[in-house]
Amino acid sequence: MTVAAHKAEDIAPGQDVLDAAREQVLERGVGLSEQQVLAVLRLGDDRIQELLALAHDVRMRWCGPEVEVEGIVSVKTGGCPEDCHFCSQSGRFPTPVRAAWLDIPGLVEAARQTAETGATEFCIVAAVRGPDKRLMSQVREGIRAIEDAGIDIQIACSLGMLTQDQVNELVEMGVHRYNHNLETARSHFPEVVTTHSWEERWETLRMVREAGMEVCCGGIVGMGETEEQRAEFAVQLAELGPHEVPMNFLIPQPGTPYEDYEVVDGKDALRIVAAFRLAMPRTMLRFAGGRELTLGDLGAEQGMLGGINAIIVGNYLTNLGRPASRDLEMLDELSMPIKALNDTL
Amino acid sequence: MPDRYCAWCGHPESEGEHATCRRRLASIDPPRYCPECARRMVVQVTPSGWTARCSRHGESASAPSVG
Ligand code: SF4
Ligand SMILES: [Zn+2]
Ligand SMILES: [Zn+2]
């Protein structure tokens, strides 16, 4: 897998980008080019409703009405040696987050709570550069305990950068999806992280894909990237072709270099969601962290009607989400069925 | 000695402004500092709640989730 240049379908002079998207993305299922994504991000406020409606049509046509519901839990919190500038779990910044390990009974209980919401995915997450032997055996034991408890849920993991042996081990444990975010555009990444590179992250994703696990890869908006870099990121993700893209909006975390950053404006967040949908018509696009702060309740609903077709319910790793019941009620009101176990979107 | 500390920023409740702290605690953040002694607590967030442990004052937890 190489990071090849995206094949751009340019906008003809004078052509409206949403007209072009209707023909190209909705009719033919071809994602927008970088230039087109940028044009979408620059649409005026008066075009937002039209944009969201189109993104919703694209999602319904190429993914269908189901929504995949997932819960996540942190098994190893804080004390990470990396320096991702947005992260409260980096041991390099004076954040209030202290290191913590979740024991196996706690992990099983978290999986049970997640399954009870109707979620089909449970993601086990650790704040590490990459897993060591202790973490791998904790995950192995945890997965076995979840199965032994008869909890019917698919297991995903997010354990940082992997070696080939670790990739193989996870496959053998039955992990069906692996999350590893590229976080931001390649050109912006060195501003956000200095302890590892975008390319190292890409390499883990390549191994995960080749080993047959589903690739889950997204990032965070609102980390000082330009509009151009948002468009760049959308097409870089499209090129990777992940099964799932989790979209986070920056939560400024006390003690991190980004603690004073403004949260992303709600309208911009909706434009970004829709633009990412138009860049990736068939990908599962998941609302992840930060939506509560950026969009509130009403905005979350607009996002669900503007291209999103998956959500994380309940709490996140170090932050709290709104109660799962509120999201499930929202899906019910929107007549969006929750994806059943073993259905493929 | 102040009697209570802000669970979000760890400063005495009686000093300074804690409106933002309270907003964050009411929406997206679990407590991080012990309200009794301002020690950083070991916090575990789970899908439906959180627990926070102060080495001196013990463990507290979120209210049981509804639904
Ligand atoms: S590698 Fe993960 S846990 Fe560690 S600092 Fe970066 S984002 Fe945080
Ligand atoms: Zn405070
Ligand atoms: Zn205390």
# chains A, B, ... in the order shown; residues from 1 in each chain; ligands from 1
$ residues_near_ligand --ligand "ligand 2" --cutoff "6 Å" --atoms "only C-alpha atoms and all ligand atoms" --output "PyMOL selection string"
chain B and resi 6+8-9+11+18+21
$ residues_around --residues "region 94-105 of chain A" --least-positions-apart "5" --cutoff "6 Å" --atoms "only C-alpha atoms" --output "mmCIF file with all heavy atoms, in the first residue's frame"
data_model
loop_
_atom_site.group_PDB
_atom_site.id
_atom_site.type_symbol
_atom_site.label_atom_id
_atom_site.label_comp_id
_atom_site.auth_asym_id
_atom_site.auth_seq_id
_atom_site.Cartn_x
_atom_site.Cartn_y
_atom_site.Cartn_z
ATOM 1 N N VAL A 75 -8.489 0.177 28.805
ATOM 2 C CA VAL A 75 -7.965 -0.811 29.758
ATOM 3 C C VAL A 75 -6.676 -0.333 30.403
ATOM 4 O O VAL A 75 -6.270 -0.815 31.450
ATOM 5 C CB VAL A 75 -7.700 -2.196 29.122
ATOM 6 C CG1 VAL A 75 -8.984 -2.938 28.920
ATOM 7 C CG2 VAL A 75 -6.888 -2.112 27.855
ATOM 8 N N LYS A 76 -6.011 0.591 29.719
ATOM 9 C CA LYS A 76 -4.784 1.148 30.291
ATOM 10 C C LYS A 76 -4.840 2.644 30.004
ATOM 11 O O LYS A 76 -4.770 3.067 28.855
ATOM 12 C CB LYS A 76 -3.553 0.488 29.652
ATOM 13 C CG LYS A 76 -2.237 0.843 30.315
ATOM 14 C CD LYS A 76 -1.488 1.871 29.489
ATOM 15 C CE LYS A 76 -0.358 2.498 30.270
ATOM 16 N NZ LYS A 76 0.231 3.637 29.554
ATOM 17 N N THR A 77 -5.038 3.402 31.044
ATOM 18 C CA THR A 77 -5.261 4.846 30.906
ATOM 19 C C THR A 77 -4.000 5.608 31.315
ATOM 20 O O THR A 77 -3.358 5.266 32.307
ATOM 21 C CB THR A 77 -6.430 5.275 31.821
ATOM 22 O OG1 THR A 77 -7.584 4.489 31.507
ATOM 23 C CG2 THR A 77 -6.752 6.753 31.658
ATOM 24 N N GLY A 78 -3.687 6.648 30.564
ATOM 25 C CA GLY A 78 -2.622 7.582 30.968
ATOM 26 C C GLY A 78 -1.215 7.018 30.874
ATOM 27 O O GLY A 78 -1.000 5.861 30.512
ATOM 28 N N GLY A 79 -0.253 7.887 31.156
ATOM 29 C CA GLY A 79 1.151 7.464 31.197
ATOM 30 C C GLY A 79 1.724 7.050 29.858
ATOM 31 O O GLY A 79 2.703 6.306 29.795
ATOM 32 N N SER A 88 -4.889 13.846 26.602
ATOM 33 C CA SER A 88 -4.758 13.986 28.054
ATOM 34 C C SER A 88 -4.030 12.790 28.662
ATOM 35 O O SER A 88 -3.701 12.801 29.841
ATOM 36 C CB SER A 88 -6.144 14.100 28.689
ATOM 37 O OG SER A 88 -6.875 12.907 28.471
ATOM 38 N N GLY A 142 -8.838 -10.986 28.615
ATOM 39 C CA GLY A 142 -10.084 -10.223 28.623
ATOM 40 C C GLY A 142 -11.068 -10.732 27.585
ATOM 41 O O GLY A 142 -12.254 -10.905 27.872
ATOM 42 N N PRO A 254 -7.163 20.000 29.600
ATOM 43 C CA PRO A 254 -6.283 20.807 30.460
ATOM 44 C C PRO A 254 -4.887 20.193 30.569
ATOM 45 O O PRO A 254 -4.746 18.984 30.693
ATOM 46 C CB PRO A 254 -6.999 20.801 31.814
ATOM 47 C CG PRO A 254 -8.045 19.735 31.731
ATOM 48 C CD PRO A 254 -8.365 19.532 30.290
ATOM 49 N N GLY A 255 -3.881 21.052 30.472
ATOM 50 C CA GLY A 255 -2.505 20.585 30.614
ATOM 51 C C GLY A 255 -1.834 20.224 29.296
ATOM 52 O O GLY A 255 -0.615 20.143 29.213
ATOM 53 N N VAL B 42 -7.079 8.571 40.867
ATOM 54 C CA VAL B 42 -7.000 7.564 39.808
ATOM 55 C C VAL B 42 -8.431 7.330 39.328
ATOM 56 O O VAL B 42 -9.281 6.879 40.088
ATOM 57 C CB VAL B 42 -6.379 6.247 40.334
ATOM 58 C CG1 VAL B 42 -6.425 5.178 39.247
ATOM 59 C CG2 VAL B 42 -4.949 6.495 40.797
#
$ closest_atom_pairs --of "chain A" --to "chain B" --cutoff "6 Å" --atoms "only C-alpha atoms" --output "Markdown table"
| residue | atom | partner | partner_atom | distance |
| --- | --- | --- | --- | --- |
| A:Val73 | CA | B:Thr46 | CA | 5.8 |
| A:Arg98 | CA | B:Val42 | CA | 5.5 |
| A:Gly314 | CA | B:Pro47 | CA | 4.9 |
| A:Asn315 | CA | B:Pro47 | CA | 4.6 |
| A:Thr318 | CA | B:Val45 | CA | 5.9 |
| A:Asn319 | CA | B:Asp29 | CA | 5.1 |
| A:Leu320 | CA | B:Ile28 | CA | 4.4 |
| A:Ser325 | CA | B:Gly67 | CA | 5.9 |
$ residues_around --residues "Ser335 (chain A)" --least-positions-apart "3" --cutoff "12 Å" --atoms "only C-alpha atoms" --output "MDAnalysis selection string"
chainID A and resid 65:67 301 304:305 328:332 338
$ select_by_dssp --residues "region 226-270 of chain A" --states "helix (DSSP H, G or I)" --output "VMD selection string"
chain A and resid 227 to 240 266 to 270
$ residues_near_ligand --ligand "ligand 3" --cutoff "6 Å" --atoms "only C-alpha atoms and all ligand atoms" --output "count of residues only"
7
$ residues_near_ligand --ligand "ligand 1" --cutoff "10 Å" --atoms "only C-alpha atoms and all ligand atoms" --output "MDAnalysis selection string"
chainID A and resid 74 76:93 125:130 158:161 180:181 183 192:196 317
$ write_last_selection --atoms "N, CA and C atoms" --output "compact mmCIF listing (two decimals), in the first residue's frame"
# COMPACT_ATOMS: atom_id res chain seq x y z
N SER A 74 -11.28 2.07 28.10
CA SER A 74 -9.83 2.14 28.23
C SER A 74 -9.36 1.11 29.25
N LYS A 76 -6.01 0.59 29.72
CA LYS A 76 -4.78 1.15 30.29
C LYS A 76 -4.84 2.64 30.00
N THR A 77 -5.04 3.40 31.04
CA THR A 77 -5.26 4.85 30.91
C THR A 77 -4.00 5.61 31.32
N GLY A 78 -3.69 6.65 30.56
CA GLY A 78 -2.62 7.58 30.97
C GLY A 78 -1.22 7.02 30.87
N GLY A 79 -0.25 7.89 31.16
CA GLY A 79 1.15 7.46 31.20
C GLY A 79 1.72 7.05 29.86
N CYS A 80 1.16 7.54 28.76
CA CYS A 80 1.67 7.16 27.44
C CYS A 80 2.95 7.94 27.14
N PRO A 81 3.96 7.25 26.56
CA PRO A 81 5.23 7.94 26.27
C PRO A 81 5.17 8.88 25.07
N GLU A 82 4.10 8.81 24.28
CA GLU A 82 4.02 9.61 23.05
C GLU A 82 3.57 11.05 23.39
N ASP A 83 3.68 11.93 22.39
CA ASP A 83 3.39 13.35 22.69
C ASP A 83 2.28 13.95 21.82
N CYS A 84 1.29 13.15 21.48
CA CYS A 84 0.17 13.66 20.68
C CYS A 84 -0.41 14.86 21.44
N HIS A 85 -0.36 16.05 20.82
CA HIS A 85 -0.60 17.28 21.55
C HIS A 85 -2.03 17.48 22.05
N PHE A 86 -2.93 16.66 21.52
CA PHE A 86 -4.35 16.78 21.91
C PHE A 86 -4.69 15.90 23.10
N CYS A 87 -3.74 15.04 23.51
CA CYS A 87 -4.12 13.88 24.33
C CYS A 87 -3.85 14.06 25.81
N SER A 88 -4.89 13.85 26.60
CA SER A 88 -4.76 13.99 28.05
C SER A 88 -4.03 12.79 28.66
N GLN A 89 -3.78 11.77 27.84
CA GLN A 89 -3.16 10.55 28.38
C GLN A 89 -1.66 10.49 28.12
N SER A 90 -1.13 11.52 27.46
CA SER A 90 0.32 11.57 27.27
C SER A 90 0.97 11.83 28.61
N GLY A 91 2.02 11.07 28.90
CA GLY A 91 2.75 11.28 30.15
C GLY A 91 3.69 12.49 30.08
N ARG A 92 3.73 13.13 28.92
CA ARG A 92 4.65 14.25 28.73
C ARG A 92 4.06 15.61 29.10
N PHE A 93 2.76 15.64 29.33
CA PHE A 93 2.10 16.91 29.64
C PHE A 93 1.54 16.87 31.06
N VAL A 125 -9.32 -0.36 24.36
CA VAL A 125 -8.34 0.66 23.99
C VAL A 125 -7.26 0.80 25.07
N ALA A 126 -6.03 1.03 24.65
CA ALA A 126 -4.96 1.26 25.62
C ALA A 126 -4.12 2.45 25.19
N ALA A 127 -3.71 3.26 26.16
CA ALA A 127 -2.87 4.43 25.88
C ALA A 127 -1.41 4.01 25.89
N VAL A 128 -0.96 3.57 24.72
CA VAL A 128 0.41 3.08 24.60
C VAL A 128 0.96 3.45 23.22
N ARG A 129 2.29 3.44 23.08
CA ARG A 129 2.87 3.57 21.75
C ARG A 129 2.54 2.31 20.94
N GLY A 130 2.71 1.19 21.61
CA GLY A 130 2.37 -0.11 21.04
C GLY A 130 2.27 -1.06 22.21
N SER A 158 -7.72 -1.20 20.00
CA SER A 158 -6.94 -0.02 19.63
C SER A 158 -5.77 0.05 20.61
N LEU A 159 -4.63 -0.47 20.17
CA LEU A 159 -3.50 -0.65 21.08
C LEU A 159 -2.23 -0.01 20.53
N GLY A 160 -2.40 0.96 19.65
CA GLY A 160 -1.23 1.65 19.12
C GLY A 160 -0.58 0.91 17.97
N MET A 161 0.70 1.21 17.76
CA MET A 161 1.42 0.64 16.63
C MET A 161 1.79 -0.80 16.92
N HIS A 180 -6.81 2.45 14.47
CA HIS A 180 -5.55 3.18 14.58
C HIS A 180 -5.74 4.44 13.75
N ASN A 181 -5.83 5.57 14.40
CA ASN A 181 -6.16 6.81 13.69
C ASN A 181 -4.93 7.46 13.07
N GLU A 183 -5.17 10.50 12.57
CA GLU A 183 -5.39 11.72 13.37
C GLU A 183 -5.64 12.99 12.57
N VAL A 192 1.45 17.96 15.25
CA VAL A 192 0.60 17.38 16.30
C VAL A 192 1.35 16.34 17.12
N VAL A 193 2.20 15.58 16.44
CA VAL A 193 2.93 14.49 17.09
C VAL A 193 4.39 14.54 16.63
N THR A 194 5.32 14.45 17.57
CA THR A 194 6.74 14.44 17.13
C THR A 194 7.43 13.12 17.48
N THR A 195 6.78 12.26 18.27
CA THR A 195 7.45 11.05 18.74
C THR A 195 7.27 9.86 17.80
N HIS A 196 6.39 9.99 16.82
CA HIS A 196 6.32 8.98 15.76
C HIS A 196 5.72 9.67 14.54
N LEU A 317 -12.97 7.42 26.56
CA LEU A 317 -11.85 6.84 27.30
C LEU A 317 -11.59 7.60 28.60
$ residues_around --residues "Glu228 (chain A)" --least-positions-apart "3" --cutoff "7 Å" --atoms "only C-alpha atoms" --output "ChimeraX atom specification"
/A:38,231-232
$ atom_distance --atom1 "CA of Gln49 (chain A)" --atom2 "CA of Ile308 (chain A)"
14.7 Å
$ residues_around --residues "Leu26 (chain A)" --least-positions-apart "5" --cutoff "10 Å" --atoms "only C-alpha atoms" --output "PDB file with C-alpha atoms, in the first residue's frame"
ATOM      1  CA  ALA A  20     -21.281  17.737  -9.421  1.00  0.00           C
ATOM      2  CA  ALA A  21     -21.502  15.645  -6.239  1.00  0.00           C
ATOM      3  CA  GLY A  31     -15.933  10.042  -3.838  1.00  0.00           C
ATOM      4  CA  LEU A  54     -27.221  15.291  -0.135  1.00  0.00           C
ATOM      5  CA  ALA A  55     -24.779  13.643   2.289  1.00  0.00           C
ATOM      6  CA  HIS A  56     -27.731  11.832   3.866  1.00  0.00           C
ATOM      7  CA  ASP A  57     -28.970  10.644   0.450  1.00  0.00           C
ATOM      8  CA  VAL A  58     -25.472   9.385  -0.333  1.00  0.00           C
ATOM      9  CA  ARG A  59     -25.288   7.507   2.956  1.00  0.00           C
ATOM     10  CA  MET A  60     -28.755   5.961   2.415  1.00  0.00           C
ATOM     11  CA  ARG A  61     -27.959   4.963  -1.153  1.00  0.00           C
ATOM     12  CA  TRP A  62     -24.495   3.469  -0.571  1.00  0.00           C
ATOM     13  CA  LEU A 278     -19.094  12.822   0.061  1.00  0.00           C
ATOM     14  CA  PRO A 281     -19.662   7.280   0.070  1.00  0.00           C
TER      15      PRO A 281
END
